[in-house]
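**Student:** One structure follows; several queries about it will come next.
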Amino acid sequence: MNAKYWQRGETLDYTPSEAVESGAVVSLGTRIGIAGTDIAANEQGQVHVEGVFELTKDTSVEIALGAAVYYNAAGDVITTASSGNVPAGYAVQAAAQTSATVLVKLLG
């Protein structure tokens with residue numbers, strides 16, 4: 001096999017079926033990305049798949065430093081519950097139950 005360099009991989013090309021706002025979480029099936037800019041429906045844009053992002057947290061859970069976290073699309077929040085949710089990455093800072101946000105290192 002002969003590999004051909006395509007792109008760095010910190011952002012990936014993404015074409016949504018519906019418009020996506022800059023900063024929105026995008027489910028990529030087995031992980032998430034963050035829209036780098038507004039992306040029009042059926043137009044190619046970029047989503048970040050590496051980095052640390054401040055994301056909205058489920059305020060019914062406390063999240064420990066280093067805990068695996070998941071994206072709950074129905075609630076549009078980050079949680080620690082894996083069942084039915086998309087792997088997002090891990091918490092790079094502890095977040096109290098009452099915290100509205102959590103810092104997440106995306107799965108690379």
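Chain labels follow the order of the structure tokens: the first chain is A, the next B, and so on; residue numbering restarts at 1 in every chain, and ligands are counted from 1 in their shown order.
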Near Leu65 in chain A, counting only C-alpha atoms, which residues have an atom at most 12 Å away, once you skip same-chain residues fewer than 6 positions from it, shown as a ChimeraX atom specification?
**Tutor:** /A:80,89-96,102-105
**Student:** Could you pull out all residues of chain A with a DSSP call of strand (DSSP E or B) and give them as number ranges by chain?
**Tutor:** A: 11-14, 20, 25-27, 32-35, 39, 45-48, 52-57, 63, 68-72, 77-79, 86-91, 95, 101-106
**Student:** Go ahead and compute the interatomic distance for CA of Ser60 in chain A and CA of Ala19 in chain A, in Å to one decimal.
**Tutor:**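 So the answer is 29.7 Å.
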**Student:** Name all residues at most 7 Å from Ala41 in chain A (count only C-alpha atoms; drop same-chain ones fewer than 3 positions away) and give them as a list of chain:residue names.
**Tutor:**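 Residues meeting the cut-off are A:Pro16, A:Ser17, A:Glu18, A:Ala19.
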**Student:** Could those selected residues go to a file with N, CA, C and O atoms, as a PDB file, in the first residue's frame?
**Tutor:**
ATOM      1  N   PRO A  16     -22.661  19.066   6.225  1.00  0.00           N
ATOM      2  CA  PRO A  16     -23.888  18.748   6.954  1.00  0.00           C
ATOM      3  C   PRO A  16     -25.120  18.786   6.051  1.00  0.00           C
ATOM      4  O   PRO A  16     -25.135  19.485   5.039  1.00  0.00           O
ATOM      5  N   SER A  17     -26.145  18.041   6.431  1.00  0.00           N
ATOM      6  CA  SER A  17     -27.405  18.085   5.688  1.00  0.00           C
ATOM      7  C   SER A  17     -28.247  19.281   6.123  1.00  0.00           C
ATOM      8  O   SER A  17     -29.131  19.713   5.396  1.00  0.00           O
ATOM      9  N   GLU A  18     -27.966  19.817   7.304  1.00  0.00           N
ATOM     10  CA  GLU A  18     -28.629  21.025   7.821  1.00  0.00           C
ATOM     11  C   GLU A  18     -27.550  22.024   8.217  1.00  0.00           C
ATOM     12  O   GLU A  18     -26.437  21.642   8.550  1.00  0.00           O
ATOM     13  N   ALA A  19     -27.887  23.306   8.195  1.00  0.00           N
ATOM     14  CA  ALA A  19     -26.923  24.350   8.571  1.00  0.00           C
ATOM     15  C   ALA A  19     -26.416  24.121   9.995  1.00  0.00           C
ATOM     16  O   ALA A  19     -27.163  23.680  10.871  1.00  0.00           O
TER      17      ALA A  19
END
**Student:** Just the residues within 9 Å of Thr101 in chain A, please, counting only C-alpha atoms, with nothing from its chain fewer than 4 positions along; format it as a PyMOL selection string.
**Tutor:** chain A and resi 54-59+77-78+95
**Student:** Using only C-alpha atoms for the distances, tell me which of A:Thr30, A:Thr37, A:Thr79, A:Gln44 is nearest to Leu107 in chain A.
**Tutor:**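 Ranked by minimum distance to Leu107 in chain A, first place goes to A:Thr30.
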**Student:** Considering only C-alpha atoms, state which residue in the set A:Thr98, A:Gln46, A:Ala74, A:Phe53 is at the smallest distance from Gly9 in chain A.
**Tutor:** A:Gln46
**Student:** Please provide the set of residues having any atom within 12 Å of Leu28 in chain A, restricted to only C-alpha atoms, with same-chain residues fewer than 2 positions apart removed, written as a VMD selection string.
**Tutor:** chain A and resid 12 to 16 25 to 26 30 to 35 47 to 49 71 73 85 to 88 107
